[in-house]
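Data first, discussion second: the structure below is written as structure tokens.
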Amino acid sequence: MKAFTLIEILIVIIIIGFIIGFSSYFHSKFSRSTFLIDESANLVVNVLNLARQKAIVGEENDSWGVWLINTSTQDYFYLFKGTTSTLKERYELPQQVSFFDFSDKTIIFQKLTGDTISTSIKIGFSTSSYKTIIISTTGAIIVE
């Protein structure tokens with residue numbers, strides 16, 4: 001007679017259980033981290049677009065910008081008018097997410113034109129898990 005013993009069936013069930021357990025753990029971890037990075041990048045892009053729109057319409061008769069700030073505990077950024085001494089609103093990134101590899105801490109959009117200095121910002125957990133926000137000299141914003 002050829003048949004499986006109870007021990008063989010239990011071993012197969014345990015192996016399948018481990019595979020399902022590990023795969024669901026990594027899937028949930030990957031999905032959560034991707035979501036955090038995407039939402040954080042969207043927040044930064046929305047505030048950059050807001051600053052650009054305020055500059056183009058000449059709101060409060062001045063240029064507008066965004067100031068990126070790195071700290072050891074939590075990164076955040078400000079929407080400001082004219083210079084960084086006129087801060088309007090503060091936005092915080094989730095504690096796990098941070099800015100890195102960016103050339104300019106301040107991105108200023110010129111009044112009426114919306115032009116700025118070309119720059120890029122990486123936002124994410126590390127150099128292996130991030131999104132890149134690219135801002136052209138015309139103020140166009142692209143997320144990669």
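Labeling convention for the structure tokens: chains A, B, ... as they appear, residues from 1 per chain, ligands from 1 in order of appearance.
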
*Neighbours of Gly139 in chain A within 12 Å (only C-alpha atoms; same-chain residues fewer than 6 positions away dropped), as a ChimeraX atom specification?*
/A:45,48-53,55-56,64-65,107-120,133

Any chance you can output those residues with C-alpha atoms as a PDB file, in the first residue's frame?
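Now in selection_5.pdb:
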```pdb
ATOM      1  CA  VAL A  45       3.972  67.783  -4.144  1.00  0.00           C
ATOM      2  CA  LEU A  48       4.851  72.688  -3.683  1.00  0.00           C
ATOM      3  CA  ASN A  49       1.988  73.163  -6.154  1.00  0.00           C
ATOM      4  CA  LEU A  50       0.177  75.396  -3.641  1.00  0.00           C
ATOM      5  CA  ALA A  51       3.291  77.550  -3.209  1.00  0.00           C
ATOM      6  CA  ARG A  52       3.701  77.797  -6.988  1.00  0.00           C
ATOM      7  CA  GLN A  53       0.045  78.759  -7.492  1.00  0.00           C
ATOM      8  CA  ALA A  55       3.392  82.832  -6.444  1.00  0.00           C
ATOM      9  CA  ILE A  56       1.849  82.856  -9.934  1.00  0.00           C
ATOM     10  CA  TRP A  64       6.181  81.797  -2.206  1.00  0.00           C
ATOM     11  CA  GLY A  65       8.225  78.756  -1.303  1.00  0.00           C
ATOM     12  CA  ILE A 107      12.422  76.066  -3.043  1.00  0.00           C
ATOM     13  CA  ILE A 108      11.193  79.548  -3.935  1.00  0.00           C
ATOM     14  CA  PHE A 109       8.725  80.161  -6.762  1.00  0.00           C
ATOM     15  CA  GLN A 110       9.024  83.614  -8.333  1.00  0.00           C
ATOM     16  CA  LYS A 111       6.077  85.980  -8.233  1.00  0.00           C
ATOM     17  CA  LEU A 112       3.883  85.945 -11.393  1.00  0.00           C
ATOM     18  CA  THR A 113       6.014  83.391 -13.299  1.00  0.00           C
ATOM     19  CA  GLY A 114       6.282  80.457 -10.894  1.00  0.00           C
ATOM     20  CA  ASP A 115       9.864  79.878 -12.037  1.00  0.00           C
ATOM     21  CA  THR A 116      12.380  78.363  -9.620  1.00  0.00           C
ATOM     22  CA  ILE A 117      15.800  76.723  -9.471  1.00  0.00           C
ATOM     23  CA  SER A 118      15.834  73.176 -10.831  1.00  0.00           C
ATOM     24  CA  THR A 119      16.177  70.672  -7.996  1.00  0.00           C
ATOM     25  CA  SER A 120      15.283  67.163  -6.908  1.00  0.00           C
ATOM     26  CA  ILE A 133      10.415  64.641  -6.667  1.00  0.00           C
TER      27      ILE A 133
END
```

*Please, which residues of chain A, numbered as in this document, come out strand (DSSP E) from DSSP, as a VMD selection string?*
chain A and resid 64 to 69 76 to 81 87 to 92 98 to 100 106 to 109 119 to 126 129 to 135 141 to 143

*Please, what distance in Å, to one decimal, runs between CA of Thr71 in chain A and CA of Phe100 in chain A?*
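For CA of Thr71 in chain A relative to CA of Phe100 in chain A, the distance reads 11.0 Å.
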
*Tell me, in Å to one decimal, how far CA of Ser40 in chain A is from CA of Asn70 in chain A.*
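It comes out at 14.4 Å.
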
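Residues in contact range of Ser72 in chain A, defined as at most 12 Å between only C-alpha atoms, with sequence neighbours fewer than 3 positions away removed, read Ile69, Asp75, Tyr76, Gln95, Gln96, Val97, Ser98 and Phe99 of chain A.
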
Output N, CA, C and O atoms of each residue in that selection to a file, as a short mmCIF file (atom, residue, chain, number, x, y, z; two decimals), in the first residue's frame.
```cif
data_model
loop_
_atom_site.label_atom_id
_atom_site.label_comp_id
_atom_site.auth_asym_id
_atom_site.auth_seq_id
_atom_site.Cartn_x
_atom_site.Cartn_y
_atom_site.Cartn_z
N ILE A 69 13.16 70.69 6.17
CA ILE A 69 13.98 70.65 7.37
C ILE A 69 14.17 69.20 7.80
O ILE A 69 13.21 68.46 7.99
N ASP A 75 11.26 64.69 10.22
CA ASP A 75 11.43 65.73 9.20
C ASP A 75 10.11 66.46 9.00
O ASP A 75 9.03 65.89 9.16
N TYR A 76 10.21 67.74 8.64
CA TYR A 76 9.02 68.54 8.39
C TYR A 76 9.36 69.61 7.37
O TYR A 76 10.52 69.76 6.96
N GLN A 95 7.17 59.72 11.10
CA GLN A 95 8.49 59.59 11.71
C GLN A 95 9.43 58.68 10.94
O GLN A 95 10.63 58.88 10.95
N GLN A 96 8.91 57.67 10.25
CA GLN A 96 9.77 56.74 9.53
C GLN A 96 10.29 57.33 8.21
O GLN A 96 11.28 56.89 7.66
N VAL A 97 9.61 58.33 7.69
CA VAL A 97 9.92 58.89 6.37
C VAL A 97 10.78 60.14 6.53
O VAL A 97 10.57 60.93 7.45
N SER A 98 11.77 60.31 5.65
CA SER A 98 12.63 61.49 5.74
C SER A 98 13.05 61.97 4.36
O SER A 98 12.93 61.26 3.37
N PHE A 99 13.52 63.22 4.32
CA PHE A 99 14.11 63.81 3.12
C PHE A 99 15.58 63.41 3.07
O PHE A 99 16.24 63.36 4.10
#
```

*What does the distance from CA of Ile135 in chain A to CA of Leu43 in chain A come to in Å, to one decimal?*
14.7 Å

*Between A:Asn46, A:Ser63, A:Thr34, A:Thr138, which is the closest to Phe125 in chain A once you count only C-alpha atoms?*
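Once distances to Phe125 in chain A are computed over only C-alpha atoms, the minimum belongs to A:Thr34.
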
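Secondary structure from DSSP on the backbone puts helix (DSSP H, G or I) at the following positions of range 40-94 of chain A: A:Ser40, A:Ala41, A:Asn42, A:Leu43, A:Val44, A:Val45, A:Asn46, A:Val47, A:Leu48, A:Asn49, A:Leu50, A:Ala51, A:Arg52, A:Gln53, A:Lys54, A:Ala55, A:Ile56, A:Glu59, A:Glu60, A:Asn61.
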
*Nearest to Val47 in chain A among A:Arg90, A:Lys2, A:Arg32, A:Lys122, with distances taken over only C-alpha atoms: which residue is it?*
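The answer is A:Arg90, which sits nearest to Val47 in chain A.
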